[in-house]
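Text of the file data_1.json, holding JSON, C-alpha atoms:
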[["chain", "number", "residue", "atom", "x", "y", "z"],
["A", 1, "MET", "CA", -82.00, -18.70, -86.14],
["A", 2, "TRP", "CA", -83.24, -22.22, -86.87],
["A", 3, "PRO", "CA", -82.21, -24.95, -89.30],
["A", 4, "GLY", "CA", -84.03, -23.56, -92.35],
["A", 5, "ASP", "CA", -82.11, -20.30, -91.99],
["A", 6, "LEU", "CA", -78.81, -22.12, -91.55],
["A", 7, "SER", "CA", -79.27, -24.09, -94.76],
["A", 8, "ARG", "CA", -80.37, -21.09, -96.82],
["A", 9, "ARG", "CA", -78.05, -18.40, -95.54],
["A", 10, "ARG", "CA", -74.73, -20.16, -94.89],
["A", 11, "ALA", "CA", -72.42, -22.28, -97.00],
["A", 12, "GLU", "CA", -71.02, -24.26, -94.07],
["A", 13, "PRO", "CA", -72.24, -27.88, -93.80],
["A", 14, "LEU", "CA", -74.54, -28.73, -90.91],
["A", 15, "GLU", "CA", -73.85, -31.29, -88.22],
["A", 16, "LEU", "CA", -76.26, -33.23, -86.02],
["A", 17, "LEU", "CA", -75.22, -33.65, -82.38],
["A", 18, "ALA", "CA", -77.00, -36.28, -80.30],
["A", 19, "ILE", "CA", -76.81, -37.75, -76.80],
["A", 20, "ASP", "CA", -78.72, -40.94, -75.98],
["A", 21, "GLY", "CA", -79.74, -42.63, -72.74],
["A", 22, "LEU", "CA", -80.08, -39.60, -70.48],
["A", 23, "PRO", "CA", -82.14, -39.89, -67.29],
["A", 24, "GLU", "CA", -84.95, -37.34, -67.15],
["A", 25, "GLU", "CA", -83.37, -35.32, -64.36],
["A", 26, "ALA", "CA", -80.28, -34.74, -66.53],
["A", 27, "VAL", "CA", -82.17, -33.40, -69.55],
["A", 28, "PRO", "CA", -82.22, -29.67, -68.61],
["A", 29, "ALA", "CA", -78.46, -29.51, -67.97],
["A", 30, "PHE", "CA", -77.50, -31.26, -71.22],
["A", 31, "GLU", "CA", -80.14, -29.35, -73.17],
["A", 32, "ALA", "CA", -78.50, -26.13, -71.94],
["A", 33, "ALA", "CA", -75.07, -27.51, -72.89],
["A", 34, "LEU", "CA", -76.12, -28.15, -76.50],
["A", 35, "GLN", "CA", -77.79, -24.75, -76.66],
["A", 36, "THR", "CA", -74.37, -23.14, -76.25],
["A", 37, "VAL", "CA", -73.54, -24.14, -79.84],
["A", 38, "CYS", "CA", -76.84, -25.21, -81.45],
["A", 39, "ALA", "CA", -79.48, -22.84, -82.77],
["A", 40, "THR", "CA", -82.20, -25.41, -82.12],
["A", 41, "VAL", "CA", -82.40, -28.32, -79.67],
["A", 42, "ALA", "CA", -85.03, -31.05, -79.41],
["A", 43, "TYR", "CA", -85.47, -34.00, -77.07],
["A", 44, "VAL", "CA", -87.43, -37.24, -77.38],
["A", 45, "ARG", "CA", -88.28, -39.85, -74.75],
["A", 46, "ASP", "CA", -87.50, -43.51, -75.41],
["A", 47, "GLU", "CA", -90.50, -45.30, -73.92],
["A", 48, "ALA", "CA", -88.76, -48.70, -73.88],
["A", 49, "THR", "CA", -85.83, -47.56, -71.71],
["A", 50, "ASP", "CA", -87.46, -44.55, -70.00],
["A", 51, "THR", "CA", -84.51, -42.41, -71.05],
["A", 52, "TRP", "CA", -84.16, -39.33, -73.26],
["A", 53, "ARG", "CA", -82.35, -38.48, -76.48],
["A", 54, "ILE", "CA", -81.29, -34.88, -77.08],
["A", 55, "GLU", "CA", -80.48, -33.60, -80.58],
["A", 56, "GLY", "CA", -79.17, -30.30, -81.85],
["A", 57, "VAL", "CA", -77.96, -28.85, -85.15],
["A", 58, "ARG", "CA", -74.89, -26.65, -85.52],
["A", 59, "GLU", "CA", -72.52, -25.60, -88.25],
["A", 60, "ALA", "CA", -70.01, -28.45, -88.51],
["A", 61, "GLY", "CA", -67.27, -28.16, -85.88],
["A", 62, "ALA", "CA", -68.44, -24.80, -84.55],
["A", 63, "LYS", "CA", -67.33, -23.85, -81.01],
["A", 64, "ALA", "CA", -65.90, -27.29, -80.22],
["A", 65, "ASP", "CA", -64.05, -26.16, -77.08],
["A", 66, "GLU", "CA", -67.08, -24.30, -75.76],
["A", 67, "LEU", "CA", -69.26, -27.38, -76.26],
["A", 68, "ALA", "CA", -66.74, -29.68, -74.53],
["A", 69, "GLY", "CA", -66.68, -27.42, -71.49],
["A", 70, "ALA", "CA", -70.47, -27.13, -71.36],
["A", 71, "LEU", "CA", -70.91, -30.92, -71.56],
["A", 72, "ALA", "CA", -68.33, -31.48, -68.82],
["A", 73, "LEU", "CA", -70.12, -28.99, -66.60],
["A", 74, "ALA", "CA", -73.48, -30.66, -67.28],
["A", 75, "ALA", "CA", -72.05, -34.04, -66.27],
["A", 76, "LEU", "CA", -70.60, -32.53, -63.10],
["A", 77, "VAL", "CA", -73.84, -30.78, -62.14],
["A", 78, "THR", "CA", -76.00, -33.88, -62.72],
["A", 79, "GLY", "CA", -73.53, -36.31, -61.16],
["A", 80, "ILE", "CA", -73.46, -38.73, -64.09],
["A", 81, "ALA", "CA", -70.58, -40.04, -66.20],
["A", 82, "PRO", "CA", -70.01, -37.87, -69.31],
["A", 83, "PRO", "CA", -72.25, -39.43, -71.98],
["A", 84, "ALA", "CA", -71.10, -40.20, -75.51],
["A", 85, "LEU", "CA", -71.68, -37.39, -77.99],
["A", 86, "GLN", "CA", -72.64, -38.52, -81.48],
["A", 87, "ALA", "CA", -71.88, -36.16, -84.35],
["A", 88, "GLY", "CA", -72.50, -36.49, -88.07],
["A", 89, "PRO", "CA", -73.49, -34.51, -91.18],
["A", 90, "ILE", "CA", -77.16, -33.86, -91.81],
["A", 91, "GLU", "CA", -79.49, -31.90, -94.04],
["A", 92, "ALA", "CA", -81.47, -29.35, -92.02],
["A", 93, "GLU", "CA", -84.75, -30.37, -93.61],
["A", 94, "GLY", "CA", -84.24, -34.04, -92.62],
["A", 95, "TRP", "CA", -83.66, -33.13, -88.98],
["A", 96, "LEU", "CA", -86.69, -30.88, -88.96],
["A", 97, "ALA", "CA", -88.85, -33.62, -90.49],
["A", 98, "ARG", "CA", -87.90, -36.01, -87.66],
["A", 99, "THR", "CA", -88.58, -33.32, -85.07],
["A", 100, "VAL", "CA", -92.03, -32.67, -86.55],
["A", 101, "GLU", "CA", -92.82, -36.40, -86.63],
["A", 102, "SER", "CA", -91.98, -36.84, -82.92],
["A", 103, "PHE", "CA", -93.88, -33.74, -81.73],
["A", 104, "ALA", "CA", -97.54, -34.72, -81.25],
["A", 105, "GLU", "CA", -100.46, -32.87, -79.67],
["A", 106, "PHE", "CA", -101.05, -33.48, -75.97],
["A", 107, "GLY", "CA", -103.07, -31.99, -73.12],
["A", 108, "ILE", "CA", -102.21, -30.72, -69.64],
["A", 109, "GLY", "CA", -105.31, -29.85, -67.62],
["A", 110, "ARG", "CA", -107.24, -27.24, -69.56],
["A", 111, "PHE", "CA", -104.25, -26.57, -71.84],
["A", 112, "VAL", "CA", -103.63, -28.24, -75.19],
["A", 113, "ILE", "CA", -100.16, -28.11, -76.75],
["A", 114, "ARG", "CA", -100.81, -28.30, -80.48],
["A", 115, "PRO", "CA", -97.95, -28.27, -83.04],
["A", 116, "THR", "CA", -98.54, -26.36, -86.24],
["A", 117, "HIS", "CA", -98.24, -29.44, -88.46],
["A", 118, "VAL", "CA", -101.51, -30.93, -87.14],
["A", 119, "GLU", "CA", -105.10, -29.81, -87.70],
["A", 120, "ASN", "CA", -106.28, -26.92, -85.55],
["A", 121, "PRO", "CA", -110.00, -27.49, -84.89],
["A", 122, "TRP", "CA", -112.03, -25.32, -82.54],
["A", 123, "THR", "CA", -111.62, -26.82, -79.07],
["A", 124, "PRO", "CA", -114.18, -25.31, -76.67],
["A", 125, "GLY", "CA", -113.22, -25.12, -73.01],
["A", 126, "ARG", "CA", -109.51, -25.63, -73.71],
["A", 127, "VAL", "CA", -106.63, -23.16, -73.99],
["A", 128, "VAL", "CA", -104.76, -24.11, -77.17],
["A", 129, "LEU", "CA", -101.06, -23.27, -77.39],
["A", 130, "ARG", "CA", -99.70, -23.52, -80.94],
["A", 131, "LEU", "CA", -96.00, -24.30, -81.30],
["A", 132, "ASP", "CA", -93.86, -24.82, -84.37],
["A", 133, "ALA", "CA", -91.69, -27.93, -84.04],
["A", 134, "GLY", "CA", -88.94, -26.09, -85.91],
["A", 135, "LEU", "CA", -88.95, -23.24, -83.41],
["A", 136, "ALA", "CA", -89.72, -24.88, -80.10],
["A", 137, "PHE", "CA", -87.13, -25.94, -77.60],
["A", 138, "GLY", "CA", -89.43, -26.13, -74.66],
["A", 139, "SER", "CA", -92.48, -27.79, -76.21],
["A", 140, "GLY", "CA", -94.26, -28.59, -72.95],
["A", 141, "GLU", "CA", -93.29, -32.27, -72.80],
["A", 142, "HIS", "CA", -90.92, -31.87, -69.87],
["A", 143, "ALA", "CA", -92.35, -32.50, -66.41],
["A", 144, "SER", "CA", -91.20, -29.08, -65.16],
["A", 145, "THR", "CA", -93.27, -27.29, -67.81],
["A", 146, "GLN", "CA", -96.24, -29.53, -67.10],
["A", 147, "GLY", "CA", -95.99, -28.72, -63.40],
["A", 148, "CYS", "CA", -95.97, -24.98, -64.18],
["A", 149, "LEU", "CA", -99.07, -25.27, -66.37],
["A", 150, "MET", "CA", -100.87, -27.25, -63.67],
["A", 151, "ALA", "CA", -99.89, -24.60, -61.12],
["A", 152, "LEU", "CA", -101.13, -21.79, -63.39],
["A", 153, "ASP", "CA", -104.45, -23.60, -63.74],
["A", 154, "ALA", "CA", -104.72, -23.78, -59.94],
["A", 155, "VAL", "CA", -103.94, -20.09, -59.23],
["A", 156, "ALA", "CA", -105.62, -18.43, -62.23],
["A", 157, "HIS", "CA", -108.64, -17.48, -60.09],
["A", 158, "ARG", "CA", -106.46, -14.86, -58.37],
["A", 159, "ARG", "CA", -106.50, -12.88, -61.64],
["A", 160, "PRO", "CA", -102.95, -11.50, -61.48],
["A", 161, "LEU", "CA", -102.49, -8.25, -63.40],
["A", 162, "ARG", "CA", -98.70, -8.12, -63.86],
["A", 163, "VAL", "CA", -97.04, -11.32, -65.09],
["A", 164, "LEU", "CA", -93.37, -12.21, -65.65],
["A", 165, "ASP", "CA", -91.96, -15.36, -67.28],
["A", 166, "LEU", "CA", -88.29, -15.41, -66.22],
["A", 167, "GLY", "CA", -86.21, -17.70, -68.46],
["A", 168, "THR", "CA", -89.01, -18.02, -70.98],
["A", 169, "GLY", "CA", -87.41, -20.40, -73.55],
["A", 170, "SER", "CA", -90.13, -21.05, -76.14],
["A", 171, "ALA", "CA", -92.54, -18.74, -74.21],
["A", 172, "ILE", "CA", -94.97, -21.58, -73.57],
["A", 173, "LEU", "CA", -95.71, -20.37, -70.03],
["A", 174, "ALA", "CA", -96.01, -16.76, -71.15],
["A", 175, "LEU", "CA", -98.45, -17.88, -73.85],
["A", 176, "ALA", "CA", -100.49, -19.92, -71.39],
["A", 177, "ALA", "CA", -100.77, -16.97, -69.00],
["A", 178, "ALA", "CA", -101.61, -14.45, -71.73],
["A", 179, "LYS", "CA", -104.29, -16.67, -73.25],
["A", 180, "LEU", "CA", -105.83, -17.78, -69.97],
["A", 181, "LEU", "CA", -105.69, -14.48, -68.07],
["A", 182, "LYS", "CA", -105.90, -12.03, -71.01],
["A", 183, "ARG", "CA", -103.10, -10.04, -69.36],
["A", 184, "PRO", "CA", -99.83, -8.65, -70.74],
["A", 185, "VAL", "CA", -96.79, -10.80, -69.99],
["A", 186, "LEU", "CA", -93.12, -9.85, -69.91],
["A", 187, "ALA", "CA", -91.04, -12.83, -71.10],
["A", 188, "THR", "CA", -87.27, -12.64, -70.54],
["A", 189, "ASP", "CA", -84.37, -14.95, -71.29],
["A", 190, "ILE", "CA", -80.59, -14.83, -71.14],
["A", 191, "GLU", "CA", -80.22, -16.38, -74.63],
["A", 192, "PRO", "CA", -80.85, -14.21, -77.74],
["A", 193, "TRP", "CA", -82.32, -17.08, -79.80],
["A", 194, "SER", "CA", -84.79, -17.89, -77.02],
["A", 195, "VAL", "CA", -86.00, -14.29, -77.11],
["A", 196, "ARG", "CA", -86.43, -14.49, -80.87],
["A", 197, "ILE", "CA", -88.30, -17.78, -80.69],
["A", 198, "ALA", "CA", -90.50, -16.49, -77.86],
["A", 199, "GLY", "CA", -91.50, -13.57, -80.05],
["A", 200, "GLU", "CA", -92.18, -15.86, -83.01],
["A", 201, "ASN", "CA", -94.39, -18.15, -80.93],
["A", 202, "ALA", "CA", -96.28, -15.17, -79.48],
["A", 203, "ARG", "CA", -97.06, -13.90, -82.99],
["A", 204, "LEU", "CA", -97.90, -17.41, -84.19],
["A", 205, "ASN", "CA", -100.63, -17.54, -81.53],
["A", 206, "GLY", "CA", -101.88, -14.02, -82.25],
["A", 207, "TYR", "CA", -100.60, -12.70, -78.91],
["A", 208, "GLY", "CA", -97.67, -10.62, -80.10],
["A", 209, "GLY", "CA", -99.38, -7.56, -78.66],
["A", 210, "LEU", "CA", -99.66, -9.02, -75.15],
["A", 211, "ILE", "CA", -96.28, -10.76, -74.84],
["A", 212, "ARG", "CA", -93.09, -8.73, -74.76],
["A", 213, "ALA", "CA", -89.97, -10.84, -75.21],
["A", 214, "ALA", "CA", -86.75, -9.26, -73.93],
["A", 215, "LEU", "CA", -83.11, -10.25, -73.47],
["A", 216, "ALA", "CA", -82.27, -10.11, -69.75],
["A", 217, "ASP", "CA", -79.78, -11.75, -67.39],
["A", 218, "GLY", "CA", -81.94, -12.81, -64.46],
["A", 219, "TRP", "CA", -83.28, -9.79, -62.59],
["A", 220, "ARG", "CA", -80.57, -7.42, -63.88],
["A", 221, "HIS", "CA", -82.42, -5.45, -66.53],
["A", 222, "HIS", "CA", -83.90, -1.97, -66.69],
["A", 223, "LEU", "CA", -87.31, -3.44, -67.62],
["A", 224, "LEU", "CA", -87.43, -5.12, -64.18],
["A", 225, "ARG", "CA", -85.89, -2.35, -62.11],
["A", 226, "GLY", "CA", -88.32, -1.11, -59.48],
["A", 227, "ARG", "CA", -91.20, -3.25, -60.78],
["A", 228, "GLN", "CA", -93.31, -5.76, -58.89],
["A", 229, "PHE", "CA", -95.33, -8.60, -60.36],
["A", 230, "ASP", "CA", -98.44, -10.44, -59.23],
["A", 231, "LEU", "CA", -97.33, -13.69, -60.90],
["A", 232, "VAL", "CA", -93.79, -14.83, -61.65],
["A", 233, "PHE", "CA", -92.77, -18.03, -63.47],
["A", 234, "ALA", "CA", -89.18, -19.18, -62.95],
["A", 235, "ASN", "CA", -88.68, -22.55, -64.62],
["A", 236, "ILE", "CA", -84.90, -22.76, -64.45],
["A", 237, "LEU", "CA", -82.71, -24.89, -62.13],
["A", 238, "ALA", "CA", -82.53, -25.36, -58.36],
["A", 239, "ARG", "CA", -79.27, -23.51, -57.61],
["A", 240, "PRO", "CA", -80.07, -20.41, -59.69],
["A", 241, "LEU", "CA", -83.48, -20.33, -58.01],
["A", 242, "CYS", "CA", -81.80, -20.30, -54.59],
["A", 243, "ALA", "CA", -79.35, -17.60, -55.68],
["A", 244, "MET", "CA", -82.18, -15.39, -56.93],
["A", 245, "ALA", "CA", -84.52, -15.85, -53.97],
["A", 246, "ARG", "CA", -83.96, -12.34, -52.61],
["A", 247, "PRO", "CA", -84.54, -10.40, -55.87],
["A", 248, "LEU", "CA", -87.58, -12.58, -56.56],
["A", 249, "ALA", "CA", -89.08, -11.68, -53.19],
["A", 250, "LEU", "CA", -88.36, -7.98, -53.78],
["A", 251, "HIS", "CA", -90.06, -8.07, -57.19],
["A", 252, "LEU", "CA", -93.11, -10.02, -56.00],
["A", 253, "ALA", "CA", -96.07, -7.81, -55.13],
["A", 254, "PRO", "CA", -97.83, -8.25, -51.76],
["A", 255, "GLY", "CA", -100.13, -11.25, -52.15],
["A", 256, "GLY", "CA", -98.28, -12.20, -55.33],
["A", 257, "THR", "CA", -97.57, -15.75, -56.51],
["A", 258, "ALA", "CA", -94.30, -17.30, -57.69],
["A", 259, "ILE", "CA", -94.26, -20.60, -59.61],
["A", 260, "LEU", "CA", -90.80, -22.19, -59.36],
["A", 261, "ALA", "CA", -89.72, -25.24, -61.36],
["A", 262, "GLY", "CA", -86.74, -27.00, -62.88],
["A", 263, "LEU", "CA", -85.93, -28.71, -59.58],
["A", 264, "LEU", "CA", -85.99, -32.32, -58.49],
["A", 265, "GLY", "CA", -88.08, -33.44, -55.55],
["A", 266, "THR", "CA", -84.85, -33.99, -53.61],
["A", 267, "GLN", "CA", -83.98, -30.30, -54.12],
["A", 268, "ALA", "CA", -87.35, -28.90, -53.09],
["A", 269, "ARG", "CA", -86.45, -28.45, -49.42],
["A", 270, "MET", "CA", -83.33, -26.46, -50.33],
["A", 271, "VAL", "CA", -85.21, -24.16, -52.73],
["A", 272, "LEU", "CA", -88.10, -23.70, -50.31],
["A", 273, "ALA", "CA", -85.77, -22.82, -47.42],
["A", 274, "ALA", "CA", -84.02, -20.14, -49.50],
["A", 275, "HIS", "CA", -87.34, -18.46, -50.26],
["A", 276, "ARG", "CA", -88.78, -18.82, -46.78],
["A", 277, "ARG", "CA", -85.81, -16.82, -45.54],
["A", 278, "GLN", "CA", -87.07, -14.01, -47.76],
["A", 279, "GLY", "CA", -90.55, -14.12, -46.26],
["A", 280, "LEU", "CA", -92.33, -16.24, -48.88],
["A", 281, "VAL", "CA", -94.66, -19.06, -47.85],
["A", 282, "LEU", "CA", -95.51, -22.36, -49.53],
["A", 283, "ASP", "CA", -98.92, -22.37, -51.17],
["A", 284, "ARG", "CA", -98.74, -25.81, -52.79],
["A", 285, "ARG", "CA", -96.34, -28.39, -54.17],
["A", 286, "LEU", "CA", -96.87, -30.33, -57.39],
["A", 287, "ASP", "CA", -94.86, -33.44, -58.25],
["A", 288, "VAL", "CA", -94.65, -34.85, -61.78],
["A", 289, "GLY", "CA", -92.37, -37.87, -61.75],
["A", 290, "PRO", "CA", -89.08, -36.89, -60.06],
["A", 291, "TRP", "CA", -89.65, -33.18, -60.79],
["A", 292, "THR", "CA", -91.27, -30.70, -58.41],
["A", 293, "THR", "CA", -93.04, -27.38, -58.90],
["A", 294, "LEU", "CA", -93.34, -25.03, -55.92],
["A", 295, "VAL", "CA", -96.07, -22.40, -55.69],
["A", 296, "LEU", "CA", -95.06, -19.67, -53.26],
["A", 297, "ARG", "CA", -96.85, -16.53, -52.05],
["A", 298, "ARG", "CA", -95.82, -13.25, -50.54],
["A", 299, "ARG", "CA", -97.96, -12.39, -47.53]]
Can the structure from this file be put into C-alpha cells for me?
Amino acid sequence: MWPGDLSRRRAEPLELLAIDGLPEEAVPAFEAALQTVCATVAYVRDEATDTWRIEGVREAGAKADELAGALALAALVTGIAPPALQAGPIEAEGWLARTVESFAEFGIGRFVIRPTHVENPWTPGRVVLRLDAGLAFGSGEHASTQGCLMALDAVAHRRPLRVLDLGTGSAILALAAAKLLKRPVLATDIEPWSVRIAGENARLNGYGGLIRAALADGWRHHLLRGRQFDLVFANILARPLCAMARPLALHLAPGGTAILAGLLGTQARMVLAAHRRQGLVLDRRLDVGPWTTLVLRRR
C-alpha cells in the first residue's frame, strides 16, 4: 500500500513523520523504524550539512507505541541520541510530489537508476532500472546499494544461474541481476509491503516473469529449503549478517558468490570473520563513503 491508496481507500487523515539531521550510517536503522508504521518511506540528503532527512506517511496516530519502541531501538543500535520526530497532517499527493521532485536519475557503473517521471530514452550500453518514486523505498541512492551494484558489475562475468536477493526492499538488486544476467531471481523480504513493491517494480520493468517476490523471514522459508544459489545478495545490517553466516554458507553453491552490504567499514572485520568461520573467502571489498560491501566466495 502506498499514499495514493491510503487517500482513496481510507477515511482516516494522513500524517507526515520526519526526522532531520541523521548521519548516513544511521539511515538504515531509522528507515526500518519508520517502516514499522509507514507504508512508504523516503530519504533525502542535505548537501549543505551532509546529513539525511527521512520521511514517512502513516494514518494519523497509528501504532504510536510500536513506533516509539522502534525509534528507541534504532537510537540504541546506532549509538546516537534519540532524534526529534516531527509529525503533522499532510495530503498524500503533496508528499508524493515532493518525493518525485527529489528523486532524479543517476548512474552507477553500467547501471542507470531512472525514475518513471523522467523521459526514458534508449540508452545503449547501459542497464536501465526504472523505479516509481511513489513505490520505491530503496531507490539506489544509499551507498550500500551502490556498493552492491558495483560488485554485481564486477562478478557478472561468472554468469551465475541461480540468484537470490535476500531482503530485497524495492527489488533494485534483483532487477539489476535479472536485466544484466537474463536469469531468474528469487527476491525475498520479511515485510509484506516490500514484497508487494518488489513485484510492482519487476512488472514496471517488464521482468515480472523473471523475478519472483516472496515473503520470507531470512532463510526460514520452504522456497529456500534445500536450495543452493550461485549468487546471493544480502543488503541488510551487520549483526543479522553475522547471525546468518552459517545458513548463507549452506545455501551458497560451490564456487558461488555472496555480496554482503549494509555494514560500516568499522564492522567489516566482524562480518568477514563470521563468514570465514563457515569456509567462505574474501574476493573483494568495496568502500563507498563509510559503508562497505564484501564480496565472498565459496571454494
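The smallest atom-to-atom distance between Leu164 (chain A) and any of A:Leu85, A:Ala202, A:Ala214, A:Cys242, using only C-alpha atoms, is found for A:Ala214.
Distance-wise, CA of Leu180 (chain A) and CA of Ala261 (chain A) end up 19.7 Å apart.
Going from CA of Gly208 (chain A) to CA of Pro28 (chain A) covers 27.1 Å.
Using all atoms listed in the file, the nearest neighbour of Glu25 (chain A) within the list A:Thr49, A:Ser144, A:Gln278, A:Thr168 is A:Ser144.
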> By how many Å are CA of Leu175 (chain A) and CA of Leu223 (chain A) apart?
Replying inline: 19.3 Å
Neighbourhood query: residues within 10 Å of (-97.5, -10.9, -54.2), file coordinates, counting all atoms listed in the file; return as a compact mmCIF listing (two decimals) with C-alpha atoms, in the coordinates of the input.
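Okay, point-v8.txt is ready:
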# COMPACT_ATOMS: atom_id res chain seq x y z
CA PRO A 160 -102.95 -11.50 -61.48
CA GLN A 228 -93.31 -5.76 -58.89
CA PHE A 229 -95.33 -8.60 -60.36
CA ASP A 230 -98.44 -10.44 -59.23
CA LEU A 231 -97.33 -13.69 -60.90
CA VAL A 232 -93.79 -14.83 -61.65
CA ALA A 249 -89.08 -11.68 -53.19
CA LEU A 250 -88.36 -7.98 -53.78
CA HIS A 251 -90.06 -8.07 -57.19
CA LEU A 252 -93.11 -10.02 -56.00
CA ALA A 253 -96.07 -7.81 -55.13
CA PRO A 254 -97.83 -8.25 -51.76
CA GLY A 255 -100.13 -11.25 -52.15
CA GLY A 256 -98.28 -12.20 -55.33
CA THR A 257 -97.57 -15.75 -56.51
CA ALA A 258 -94.30 -17.30 -57.69
CA LEU A 280 -92.33 -16.24 -48.88
CA LEU A 296 -95.06 -19.67 -53.26
CA ARG A 297 -96.85 -16.53 -52.05
CA ARG A 298 -95.82 -13.25 -50.54
CA ARG A 299 -97.96 -12.39 -47.53
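Residues surrounding Val295 (chain A) within 6 Å are Ala258, Ile259, Asp283 and Arg284 of chain A [only C-alpha atoms; sequence separation below 5 positions excluded].
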> Looking at all atoms listed in the file, which of A:Pro184, A:Pro290, A:Thr116, A:His275 is the one that sits closest to Glu24 (chain A)?
Replying inline: A:Pro290
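Every protein, DNA or RNA residue with an atom at most 9 Å from Ile108 (chain A), where all atoms listed in the file count and chain neighbours fewer than 4 positions away do not, is listed here: Val112, Ile113, Gly140, Gln146, Leu149 and Met150 of chain A.
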Please produce a file of the residues just selected, as a PDB file, in the coordinates of the input, where the atoms kept are C-alpha atoms.
ATOM      1  CA  VAL A 112    -103.630 -28.240 -75.190  1.00  0.00           C
ATOM      2  CA  ILE A 113    -100.160 -28.110 -76.750  1.00  0.00           C
ATOM      3  CA  GLY A 140     -94.260 -28.590 -72.950  1.00  0.00           C
ATOM      4  CA  GLN A 146     -96.240 -29.530 -67.100  1.00  0.00           C
ATOM      5  CA  LEU A 149     -99.070 -25.270 -66.370  1.00  0.00           C
ATOM      6  CA  MET A 150    -100.870 -27.250 -63.670  1.00  0.00           C
TER       7      MET A 150
END
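Restricting the calculation to only C-alpha atoms, the smallest distance between Val185 (chain A) and any of A:Leu17, A:Ala213, A:Ala143, A:Leu204 is found for A:Ala213.
You can rank A:Ala187, A:Phe106, A:Ala273, A:Pro192 by their closest distance to His142 (chain A) using all atoms listed in the file, and at the top of that list sits A:Phe106.
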